[in-house]
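The data block below is protein34.cif; it holds mmCIF, C-alpha atoms.
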```
data_run
#
loop_
_atom_site.label_atom_id
_atom_site.label_comp_id
_atom_site.auth_asym_id
_atom_site.auth_seq_id
_atom_site.Cartn_x
_atom_site.Cartn_y
_atom_site.Cartn_z
CA MET Y 626 2.42 -6.05 -57.06
CA ASP Y 627 -0.50 -5.06 -59.24
CA GLY Y 628 -2.24 -2.10 -57.59
CA ALA Y 629 -5.40 -2.72 -59.62
CA ASN Y 630 -6.11 -5.90 -57.66
CA HIS Y 631 -6.08 -4.12 -54.31
CA SER Y 632 -8.19 -1.42 -52.73
CA VAL Y 633 -6.45 1.71 -51.50
CA VAL Y 634 -6.29 1.90 -47.70
CA SER Y 635 -8.27 4.89 -46.40
CA GLU Y 636 -8.06 4.01 -42.70
CA PHE Y 637 -6.04 1.92 -40.27
CA VAL Y 638 -7.29 -0.33 -37.48
CA PHE Y 639 -5.68 -0.39 -34.03
CA LEU Y 640 -5.62 -3.69 -32.14
CA GLY Y 641 -5.22 -1.76 -28.90
CA LEU Y 642 -3.62 -3.10 -25.76
CA SER Y 643 -5.90 -5.87 -24.53
CA ASP Y 644 -9.27 -7.52 -25.12
CA SER Y 645 -9.85 -8.02 -21.40
CA TRP Y 646 -12.59 -5.73 -20.03
CA ALA Y 647 -10.89 -5.55 -16.61
CA ILE Y 648 -7.54 -4.51 -18.14
CA GLN Y 649 -9.29 -1.99 -20.38
CA LEU Y 650 -11.02 -0.46 -17.35
CA PHE Y 651 -7.72 -0.25 -15.48
CA LEU Y 652 -6.01 1.32 -18.50
CA PHE Y 653 -8.88 3.79 -18.88
CA LEU Y 654 -8.60 4.95 -15.26
CA PHE Y 655 -4.78 4.94 -15.41
CA SER Y 656 -4.73 6.91 -18.66
CA CYS Y 657 -7.29 9.48 -17.54
CA VAL Y 658 -5.53 10.11 -14.22
CA PHE Y 659 -2.06 10.51 -15.72
CA TYR Y 660 -3.24 12.51 -18.73
CA VAL Y 661 -5.15 14.99 -16.56
CA ALA Y 662 -2.20 15.11 -14.13
CA SER Y 663 0.18 15.80 -17.05
CA LEU Y 664 -2.03 18.62 -18.31
CA MET Y 665 -2.46 20.15 -14.85
CA GLY Y 666 1.24 19.83 -13.92
CA ASN Y 667 2.58 21.36 -17.12
CA LEU Y 668 -0.05 24.10 -17.15
CA LEU Y 669 0.84 24.90 -13.53
CA ILE Y 670 4.51 25.28 -14.48
CA LEU Y 671 3.56 27.54 -17.39
CA LEU Y 672 1.31 29.70 -15.22
CA THR Y 673 3.89 29.89 -12.42
CA VAL Y 674 6.80 30.85 -14.67
CA THR Y 675 4.84 33.44 -16.67
CA SER Y 676 3.21 35.07 -13.62
CA ASP Y 677 6.17 35.21 -11.20
CA PRO Y 678 8.74 37.95 -11.95
CA ARG Y 679 11.31 36.10 -9.81
CA LEU Y 680 11.35 33.27 -12.36
CA GLN Y 681 12.12 35.42 -15.40
CA SER Y 682 15.46 33.72 -16.07
CA PRO Y 683 16.77 31.61 -19.00
CA MET Y 684 16.42 28.32 -17.11
CA TYR Y 685 12.73 28.87 -16.37
CA PHE Y 686 12.09 30.19 -19.88
CA LEU Y 687 13.40 26.90 -21.28
CA LEU Y 688 11.48 24.93 -18.63
CA ALA Y 689 8.21 26.65 -19.58
CA ASN Y 690 8.78 25.76 -23.23
CA LEU Y 691 9.53 22.16 -22.25
CA SER Y 692 6.12 22.10 -20.56
CA ILE Y 693 4.48 23.35 -23.79
CA ILE Y 694 6.20 20.54 -25.69
CA ASP Y 695 5.04 17.96 -23.14
CA LEU Y 696 1.47 19.26 -23.42
CA ILE Y 697 1.52 18.84 -27.21
CA PHE Y 698 3.28 15.47 -27.04
CA CYS Y 699 0.88 13.79 -24.61
CA SER Y 700 -2.14 15.30 -26.40
CA SER Y 701 -1.05 13.85 -29.75
CA THR Y 702 -1.71 10.24 -28.67
CA ALA Y 703 -3.45 10.10 -25.26
CA PRO Y 704 -6.96 11.43 -26.13
CA LYS Y 705 -7.30 9.05 -29.08
CA MET Y 706 -6.17 6.08 -26.99
CA ILE Y 707 -8.59 6.92 -24.16
CA TYR Y 708 -11.43 7.38 -26.66
CA ASP Y 709 -10.68 4.02 -28.33
CA LEU Y 710 -10.34 1.90 -25.20
CA PHE Y 711 -13.95 0.67 -25.11
CA ARG Y 712 -14.58 0.79 -28.85
CA LYS Y 713 -14.66 -2.49 -30.73
CA HIS Y 714 -13.60 -0.93 -34.03
CA LYS Y 715 -10.59 1.27 -33.27
CA THR Y 716 -9.78 3.17 -36.47
CA ILE Y 717 -7.94 6.23 -37.67
CA SER Y 718 -8.00 7.75 -41.15
CA PHE Y 719 -4.87 7.74 -43.30
CA GLY Y 720 -4.64 11.52 -43.00
CA GLY Y 721 -5.16 11.36 -39.23
CA CYS Y 722 -2.40 8.77 -38.96
CA VAL Y 723 0.04 10.96 -40.92
CA VAL Y 724 -0.85 14.01 -38.78
CA GLN Y 725 -0.30 12.01 -35.58
CA ILE Y 726 3.13 10.82 -36.76
CA PHE Y 727 4.01 14.37 -37.81
CA PHE Y 728 3.29 15.81 -34.36
CA ILE Y 729 5.01 12.96 -32.51
CA HIS Y 730 8.25 13.38 -34.47
CA ALA Y 731 8.14 17.18 -34.70
CA VAL Y 732 7.64 17.57 -30.96
CA GLY Y 733 10.08 14.76 -30.17
CA GLY Y 734 12.80 16.33 -32.32
CA THR Y 735 12.13 19.73 -30.77
CA GLU Y 736 12.43 18.32 -27.25
CA MET Y 737 15.78 16.70 -28.09
CA VAL Y 738 17.27 20.07 -29.07
CA LEU Y 739 15.61 21.86 -26.14
CA LEU Y 740 17.12 19.38 -23.66
CA ILE Y 741 20.54 20.06 -25.19
CA ALA Y 742 19.87 23.80 -24.77
CA MET Y 743 18.96 23.20 -21.11
CA ALA Y 744 22.19 21.26 -20.61
CA PHE Y 745 24.13 24.20 -22.11
CA ASP Y 746 22.26 26.56 -19.79
CA ARG Y 747 23.31 24.48 -16.76
CA TYR Y 748 26.91 24.39 -18.01
CA VAL Y 749 27.05 28.19 -18.23
CA ALA Y 750 25.28 28.65 -14.88
CA ILE Y 751 27.61 26.26 -13.02
CA CYS Y 752 30.91 26.67 -14.85
CA ARG Y 753 30.72 30.34 -15.90
CA PRO Y 754 28.33 31.99 -13.43
CA LEU Y 755 29.76 35.53 -13.84
CA HIS Y 756 29.02 35.46 -17.57
CA TYR Y 757 25.68 33.65 -17.28
CA LEU Y 758 23.32 36.54 -18.08
CA THR Y 759 25.60 37.76 -20.87
CA ILE Y 760 25.82 34.37 -22.60
CA MET Y 761 22.24 33.27 -21.91
CA SER Y 762 20.75 36.54 -23.11
CA PRO Y 763 17.09 36.79 -24.20
CA LYS Y 764 18.31 36.74 -27.81
CA MET Y 765 20.22 33.48 -27.18
CA CYS Y 766 17.17 31.88 -25.50
CA ILE Y 767 14.90 32.81 -28.41
CA SER Y 768 17.53 31.46 -30.83
CA PHE Y 769 17.59 28.15 -28.95
CA LEU Y 770 13.80 27.94 -29.05
CA VAL Y 771 13.46 28.79 -32.75
CA THR Y 772 16.30 26.43 -33.69
CA SER Y 773 14.75 23.57 -31.73
CA TRP Y 774 11.38 23.96 -33.49
CA ILE Y 775 12.99 24.29 -36.94
CA ILE Y 776 15.05 21.12 -36.39
CA GLY Y 777 12.00 19.30 -35.01
CA LEU Y 778 9.87 20.23 -38.01
CA ILE Y 779 12.60 19.30 -40.50
CA HIS Y 780 13.19 16.01 -38.66
CA SER Y 781 9.51 15.13 -39.03
CA LEU Y 782 8.94 16.39 -42.58
CA VAL Y 783 12.05 14.68 -44.00
CA GLN Y 784 10.57 11.31 -43.02
CA LEU Y 785 6.94 11.96 -43.91
CA VAL Y 786 7.63 13.40 -47.35
CA PHE Y 787 8.72 9.92 -48.45
CA VAL Y 788 5.93 8.08 -46.63
CA VAL Y 789 2.82 9.92 -47.86
CA GLY Y 790 3.48 8.85 -51.46
CA LEU Y 791 3.81 5.13 -50.66
CA PRO Y 792 1.09 2.73 -51.88
CA PHE Y 793 -1.03 1.26 -49.05
CA CYS Y 794 -3.37 -1.45 -50.30
CA GLY Y 795 -3.64 -3.78 -47.30
CA PRO Y 796 -3.26 -5.03 -44.63
CA ASN Y 797 -4.21 -2.00 -42.56
CA ILE Y 798 -3.82 -3.27 -38.97
CA PHE Y 799 -1.62 -1.61 -36.32
CA ASP Y 800 -0.76 -3.83 -33.35
CA SER Y 801 -0.68 -0.70 -31.22
CA PHE Y 802 -2.87 2.17 -29.99
CA TYR Y 803 -1.27 4.95 -32.04
CA CYS Y 804 0.38 5.48 -35.43
CA ASP Y 805 4.03 4.54 -35.43
CA LEU Y 806 6.33 5.27 -38.39
CA PRO Y 807 8.22 1.91 -38.46
CA ARG Y 808 4.94 -0.04 -38.28
CA LEU Y 809 3.38 2.17 -40.96
CA LEU Y 810 6.28 1.45 -43.34
CA ARG Y 811 5.75 -2.30 -42.88
CA LEU Y 812 2.16 -1.91 -44.13
CA ALA Y 813 3.19 -0.38 -47.46
CA CYS Y 814 2.71 -2.48 -50.60
CA THR Y 815 6.29 -2.02 -51.73
CA ASN Y 816 9.84 -2.63 -50.58
CA THR Y 817 10.59 -0.13 -47.80
CA GLN Y 818 13.96 -1.38 -46.56
CA GLU Y 819 15.72 1.82 -47.64
CA LEU Y 820 13.09 3.97 -45.95
CA GLU Y 821 13.27 1.87 -42.76
CA PHE Y 822 17.03 2.37 -42.76
CA MET Y 823 16.49 6.12 -43.20
CA VAL Y 824 14.09 6.18 -40.24
CA THR Y 825 16.62 4.27 -38.13
CA VAL Y 826 19.34 6.78 -39.04
CA ASN Y 827 17.10 9.84 -38.69
CA SER Y 828 15.34 8.89 -35.45
CA GLY Y 829 17.45 6.14 -33.88
CA LEU Y 830 20.94 7.50 -34.34
CA ILE Y 831 19.86 11.07 -33.60
CA SER Y 832 18.28 9.87 -30.34
CA VAL Y 833 21.36 7.88 -29.35
CA GLY Y 834 23.71 10.67 -30.45
CA SER Y 835 21.79 13.34 -28.52
CA PHE Y 836 21.64 11.12 -25.43
CA VAL Y 837 25.38 10.45 -25.53
CA LEU Y 838 26.09 14.16 -26.08
CA LEU Y 839 23.95 15.09 -23.07
CA VAL Y 840 25.57 12.46 -20.82
CA ILE Y 841 29.05 13.63 -21.83
CA SER Y 842 28.10 17.26 -21.18
CA TYR Y 843 26.80 16.47 -17.69
CA ILE Y 844 29.93 14.46 -16.88
CA PHE Y 845 32.07 17.38 -18.10
CA ILE Y 846 30.12 19.81 -15.89
CA LEU Y 847 30.57 17.63 -12.80
CA PHE Y 848 34.28 17.13 -13.56
CA THR Y 849 34.76 20.89 -13.97
CA VAL Y 850 33.02 21.62 -10.66
CA TRP Y 851 34.97 18.88 -8.85
CA LYS Y 852 38.25 20.18 -10.28
CA HIS Y 853 37.69 23.78 -9.20
CA SER Y 854 35.63 23.37 -6.03
CA SER Y 855 35.21 20.15 -4.12
CA GLY Y 856 32.52 21.73 -1.95
CA GLY Y 857 30.38 22.62 -4.95
CA THR Y 858 30.13 19.09 -6.31
CA SER Y 859 27.14 18.08 -4.21
CA LYS Y 860 25.26 21.27 -5.10
CA ALA Y 861 25.99 20.77 -8.82
CA LEU Y 862 24.95 17.12 -8.57
CA SER Y 863 21.66 18.14 -6.95
CA THR Y 864 21.05 20.75 -9.67
CA LEU Y 865 21.82 18.34 -12.52
CA SER Y 866 20.01 15.28 -11.14
CA ALA Y 867 16.60 16.54 -12.28
CA HIS Y 868 17.91 17.19 -15.80
CA VAL Y 869 19.61 13.80 -16.00
CA THR Y 870 16.42 12.04 -14.84
CA VAL Y 871 14.32 13.79 -17.48
CA VAL Y 872 16.87 12.95 -20.19
CA ILE Y 873 16.83 9.23 -19.26
CA LEU Y 874 13.01 9.12 -19.14
CA PHE Y 875 12.71 10.83 -22.52
CA PHE Y 876 15.47 9.08 -24.48
CA GLY Y 877 15.10 5.57 -23.00
CA PRO Y 878 11.89 4.57 -24.84
CA LEU Y 879 12.92 6.47 -28.00
CA MET Y 880 16.19 4.60 -28.35
CA PHE Y 881 14.34 1.30 -27.89
CA PHE Y 882 11.66 2.14 -30.49
CA TYR Y 883 14.01 3.25 -33.24
CA THR Y 884 17.15 1.15 -32.77
CA TRP Y 885 15.58 -2.25 -31.96
CA PRO Y 886 15.45 -4.45 -35.12
CA SER Y 887 11.73 -5.16 -34.84
CA PRO Y 888 8.89 -4.34 -32.44
CA THR Y 889 8.43 -6.75 -29.53
CA SER Y 890 4.67 -6.44 -29.30
CA HIS Y 891 3.85 -6.20 -25.58
CA LEU Y 892 7.04 -4.49 -24.39
CA ASP Y 893 6.84 -2.04 -27.28
CA LYS Y 894 3.24 -1.10 -26.48
CA TYR Y 895 3.73 -0.70 -22.73
CA LEU Y 896 6.86 1.39 -23.25
CA ALA Y 897 4.70 3.55 -25.53
CA ILE Y 898 2.22 4.01 -22.66
CA PHE Y 899 5.10 5.07 -20.41
CA ASP Y 900 6.29 7.53 -23.05
CA ALA Y 901 2.81 8.95 -23.75
CA PHE Y 902 1.48 9.29 -20.19
CA ILE Y 903 4.11 8.94 -17.47
CA THR Y 904 7.03 10.93 -18.92
CA PRO Y 905 4.97 14.13 -19.51
CA PHE Y 906 3.62 13.72 -15.96
CA LEU Y 907 7.01 13.10 -14.34
CA ASN Y 908 8.74 16.05 -16.00
CA PRO Y 909 6.81 18.73 -14.03
CA VAL Y 910 6.98 16.60 -10.87
CA ILE Y 911 10.77 16.24 -11.11
CA TYR Y 912 11.42 19.90 -11.89
CA THR Y 913 8.99 21.04 -9.19
CA PHE Y 914 10.04 18.89 -6.26
CA ARG Y 915 13.79 19.20 -7.00
CA ASN Y 916 13.64 22.99 -7.35
CA LYS Y 917 13.17 25.15 -4.27
CA ASP Y 918 12.41 28.32 -6.25
CA MET Y 919 9.61 26.59 -8.17
CA LYS Y 920 8.03 25.25 -4.97
CA VAL Y 921 8.11 28.70 -3.36
CA ALA Y 922 6.71 30.33 -6.51
CA MET Y 923 3.88 27.79 -6.74
CA ARG Y 924 3.05 28.38 -3.09
CA ARG Y 925 2.88 32.13 -3.74
CA LEU Y 926 0.67 31.54 -6.77
CA CYS Y 927 -1.73 29.33 -4.81
CA ASN Y 928 -1.91 31.87 -1.97
CA HIS Y 929 -2.59 34.64 -4.47
CA LEU Y 930 -5.37 32.65 -6.17
CA VAL Y 931 -6.98 31.80 -2.80
CA HIS Y 932 -6.79 35.46 -1.71
CA TYR Y 933 -8.26 36.62 -5.04
CA ARG Y 934 -11.10 34.11 -4.73
CA LYS Y 935 -11.95 35.32 -1.20
CA ILE Y 936 -12.08 38.92 -2.37
CA SER Y 937 -14.29 38.14 -5.37
#
```
Take the structure from the file and write it as structure tokens.
Amino acid sequence: MDGANHSVVSEFVFLGLSDSWAIQLFLFLFSCVFYVASLMGNLLILLTVTSDPRLQSPMYFLLANLSIIDLIFCSSTAPKMIYDLFRKHKTISFGGCVVQIFFIHAVGGTEMVLLIAMAFDRYVAICRPLHYLTIMSPKMCISFLVTSWIIGLIHSLVQLVFVVGLPFCGPNIFDSFYCDLPRLLRLACTNTQELEFMVTVNSGLISVGSFVLLVISYIFILFTVWKHSSGGTSKALSTLSAHVTVVILFFGPLMFFYTWPSPTSHLDKYLAIFDAFITPFLNPVIYTFRNKDMKVAMRRLCNHLVHYRKIS
């Protein structure tokens, strides 16, 4: 293809979710409510964990960092989508598109590793409780956190380093509301089959592999508890159920996006809404309502804030 006959793409156009004013209004209200709820819920977890000395344990350290990741993840796509809902010309610059993809994949890769770290934490707490504080030392927790961010950043950069140099000369239309790496590759003015395969391996197989690893680890934990103490199975199941739910909510859409042969327009877009708005909202809800210590700590925090407000 002769690049001289084509203009270089400087921005991309989003088709959005619907042209119907009524649907756009519903999506606007839905998005605003869930985005604000996600921000408030995750910030509440952060504030509760950092302010309550009773929650200074490895599990809550990892949970607080999961909330930070959810805050970054939902903020990488949600504000732009809400802003664009009633705009006729929904655009994003080439640089803005690359930055959005970078954050989505960096944070997504980080969360994968962090969820594995949380599964390991639950294994040690349930299967080796006497050695829990020795194994899950502050040094180990920091190592998990640093490793997760390094892997997340490498996961994102490895893909983008090949994409930013591709020629984009038109078309420049995304049938979506955010920048997606597979769709971006299809807009390049060159053969990208090898890069698409690389993205499938890097994102798809890593997602599936991490999900399978987590499921196997949870099954192993339950089997170990059942083998050594039949009475502890229900308690272990209750403890792990929140983690399993979060894992399914996080990995379900990811595995669909990056292992399905081609996007199925409507299903793909509405799964993206679920991933961008509902999952970051459900994570704090699940960990809060399934955890007695968190509920008690949040109640103490609210009482303290009310008391402080009365005094001031």
Review point. Which one is closest to Thr849 of chain Y: Y:Cys766, Y:Trp774, Y:Val749, Y:Thr913? Count all atoms listed in the file.
Key: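 Among the listed residues, Y:Val749 lies closest to Thr849 of chain Y.
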Centre and edge lengths of an axis-aligned box around all listed atoms of segment 693-700 of chain Y, with 5 Å added on each side, are to be given in Å to one decimal, as JSON.
```
{"center_x": 2.0, "center_y": 18.6, "center_z": -25.2, "size_x": 18.3, "size_y": 19.6, "size_z": 14.1}
```
Exercise for review: Name every residue that the PyMOL selection byres ((chain Y and resi 909) around 8) selects in this structure, writing the answer as number ranges by chain with chains first and numbers rising.
Suggested key: Y: 663, 666-667, 670, 692, 905-908, 910-913
Practice item. Rounded to one decimal place, report the atom CA of Asp746 of chain Y-atom CA of Met880 of chain Y distance in Å. Key: 24.3 Å
Review point. With all atoms listed in the file as the atoms that count, which of Y:Ser828, Y:Ile767, Y:Arg808, Y:Ala750 lies nearest to His780 of chain Y?
Key: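 Of the candidates, the smallest distance to His780 of chain Y is held by Y:Ser828.
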Review point. Separation of atom CA of Met706 of chain Y and atom CA of Phe653 of chain Y, in Å?
Key: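 Going from atom CA of Met706 of chain Y over to atom CA of Phe653 of chain Y covers 8.9 Å.
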Exercise for review: Let me know the residues the PyMOL selection byres ((chain Y and resi 899) around 12) catches in the file above, as a VMD selection string.
Suggested key: chain Y and resid 652 655 to 656 659 to 660 699 702 to 703 874 to 879 892 to 898 900 to 907
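Across Y:Val724, Y:Met923, Y:Asn928, Y:Ile694, the tightest approach to Leu672 of chain Y is made by Y:Met923 when counting all atoms listed in the file.
From atom CA of Ser701 of chain Y back to atom CA of Gln725 of chain Y, the distance works out to 6.2 Å.
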Practice item. Return as a list in words the set of residues that the PyMOL selection byres ((chain Y and resi 771) around 12) yields on the displayed structure. Key: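 Against this file, the PyMOL selection byres ((chain Y and resi 771) around 12) returns the residues Leu687, Asn690, Thr735, Glu736, Val738, Leu739, Ala742, Lys764, Met765, Cys766, Ile767, Ser768, Phe769, Leu770, Thr772, Ser773, Trp774, Ile775, Ile776, Gly777 and Leu778 of chain Y.
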Exercise for review: Choose the residue, out of Y:Ser866, Y:Ile831, Y:Gly795, Y:Thr673, that has the smallest atom-to-atom separation from Gly734 of chain Y; count all atoms listed in the file.
Suggested key: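 Of Y:Ser866, Y:Ile831, Y:Gly795, Y:Thr673, the one nearest Gly734 of chain Y is Y:Ile831, counting all atoms listed in the file.
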Check your understanding: When distances are computed from all atoms listed in the file, which of Y:Phe637, Y:Asp695, Y:Ile707, Y:Val732 shows the smallest separation from Phe651 of chain Y?
Key ->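 Using all atoms listed in the file, Phe651 of chain Y sits closest to Y:Ile707.
Counting only C-alpha atoms and comparing Y:Thr825, Y:Ser643, Y:Thr870, Y:Asn797, the residue that lies closest to Leu710 of chain Y is Y:Ser643.
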Exercise for review: Enumerate, as an MDAnalysis selection string, the protein, DNA and RNA residues whose atoms approach (-2.1, 6.2, -34.4) to within 8 Å, taking into account only C-alpha atoms and the coordinate frame of the file.
Suggested key: chainID Y and resid 639 702 705 717 721:722 725:726 801:805
Review point. If I put a ball of radius 9 Å at (13.0, 4.7, -39.4) in the file's coordinates, which residues poke into it when counting all atoms listed in the file, written as a list in words?
Key: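 Residues lying no farther than 9 Å from the given point: Gln784, Leu806, Pro807, Leu810, Leu820, Glu821, Phe822, Met823, Val824, Thr825, Val826, Asn827, Ser828, Gly829, Tyr883 and Thr884 of chain Y.
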Can you save segment 692-710 of chain Y of the given block to a file, including N, CA and C atoms and formatted as a short mmCIF file (atom, residue, chain, number, x, y, z; two decimals), in the first residue's frame?
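As written to disk, decode-v2.cif reads:
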```cif
data_model
loop_
_atom_site.label_atom_id
_atom_site.label_comp_id
_atom_site.auth_asym_id
_atom_site.auth_seq_id
_atom_site.Cartn_x
_atom_site.Cartn_y
_atom_site.Cartn_z
N SER Y 692 -7.88 -2.49 45.52
CA SER Y 692 -8.76 -1.33 45.38
C SER Y 692 -8.09 -0.21 44.59
N ILE Y 693 -6.79 -0.01 44.81
CA ILE Y 693 -6.06 1.01 44.02
C ILE Y 693 -6.09 0.65 42.54
N ILE Y 694 -5.87 -0.63 42.25
CA ILE Y 694 -5.89 -1.09 40.86
C ILE Y 694 -7.27 -0.88 40.24
N ASP Y 695 -8.33 -1.21 41.00
CA ASP Y 695 -9.69 -1.02 40.48
C ASP Y 695 -9.99 0.45 40.23
N LEU Y 696 -9.47 1.33 41.09
CA LEU Y 696 -9.67 2.77 40.89
C LEU Y 696 -9.02 3.23 39.58
N ILE Y 697 -7.80 2.77 39.32
CA ILE Y 697 -7.10 3.15 38.09
C ILE Y 697 -7.80 2.54 36.88
N PHE Y 698 -8.21 1.28 37.01
CA PHE Y 698 -8.81 0.57 35.88
C PHE Y 698 -10.11 1.22 35.42
N CYS Y 699 -11.02 1.49 36.37
CA CYS Y 699 -12.30 2.08 35.96
C CYS Y 699 -12.12 3.52 35.48
N SER Y 700 -11.11 4.23 36.00
CA SER Y 700 -10.89 5.61 35.59
C SER Y 700 -10.18 5.73 34.24
N SER Y 701 -9.67 4.62 33.72
CA SER Y 701 -8.98 4.67 32.42
C SER Y 701 -9.96 4.67 31.25
N THR Y 702 -11.20 4.24 31.47
CA THR Y 702 -12.18 4.20 30.37
C THR Y 702 -13.49 4.93 30.71
N ALA Y 703 -13.94 4.84 31.96
CA ALA Y 703 -15.27 5.35 32.32
C ALA Y 703 -15.46 6.85 32.10
N PRO Y 704 -14.55 7.73 32.56
CA PRO Y 704 -14.78 9.17 32.37
C PRO Y 704 -14.92 9.56 30.90
N LYS Y 705 -14.08 8.98 30.04
CA LYS Y 705 -14.15 9.29 28.61
C LYS Y 705 -15.47 8.83 28.01
N MET Y 706 -15.93 7.65 28.41
CA MET Y 706 -17.20 7.15 27.89
C MET Y 706 -18.36 8.04 28.33
N ILE Y 707 -18.38 8.42 29.61
CA ILE Y 707 -19.45 9.28 30.12
C ILE Y 707 -19.44 10.63 29.40
N TYR Y 708 -18.24 11.17 29.20
CA TYR Y 708 -18.10 12.46 28.52
C TYR Y 708 -18.60 12.38 27.07
N ASP Y 709 -18.39 11.25 26.42
CA ASP Y 709 -18.72 11.11 24.99
C ASP Y 709 -20.18 10.76 24.72
N LEU Y 710 -20.91 10.36 25.74
CA LEU Y 710 -22.24 9.79 25.50
C LEU Y 710 -23.15 10.71 24.69
#
```
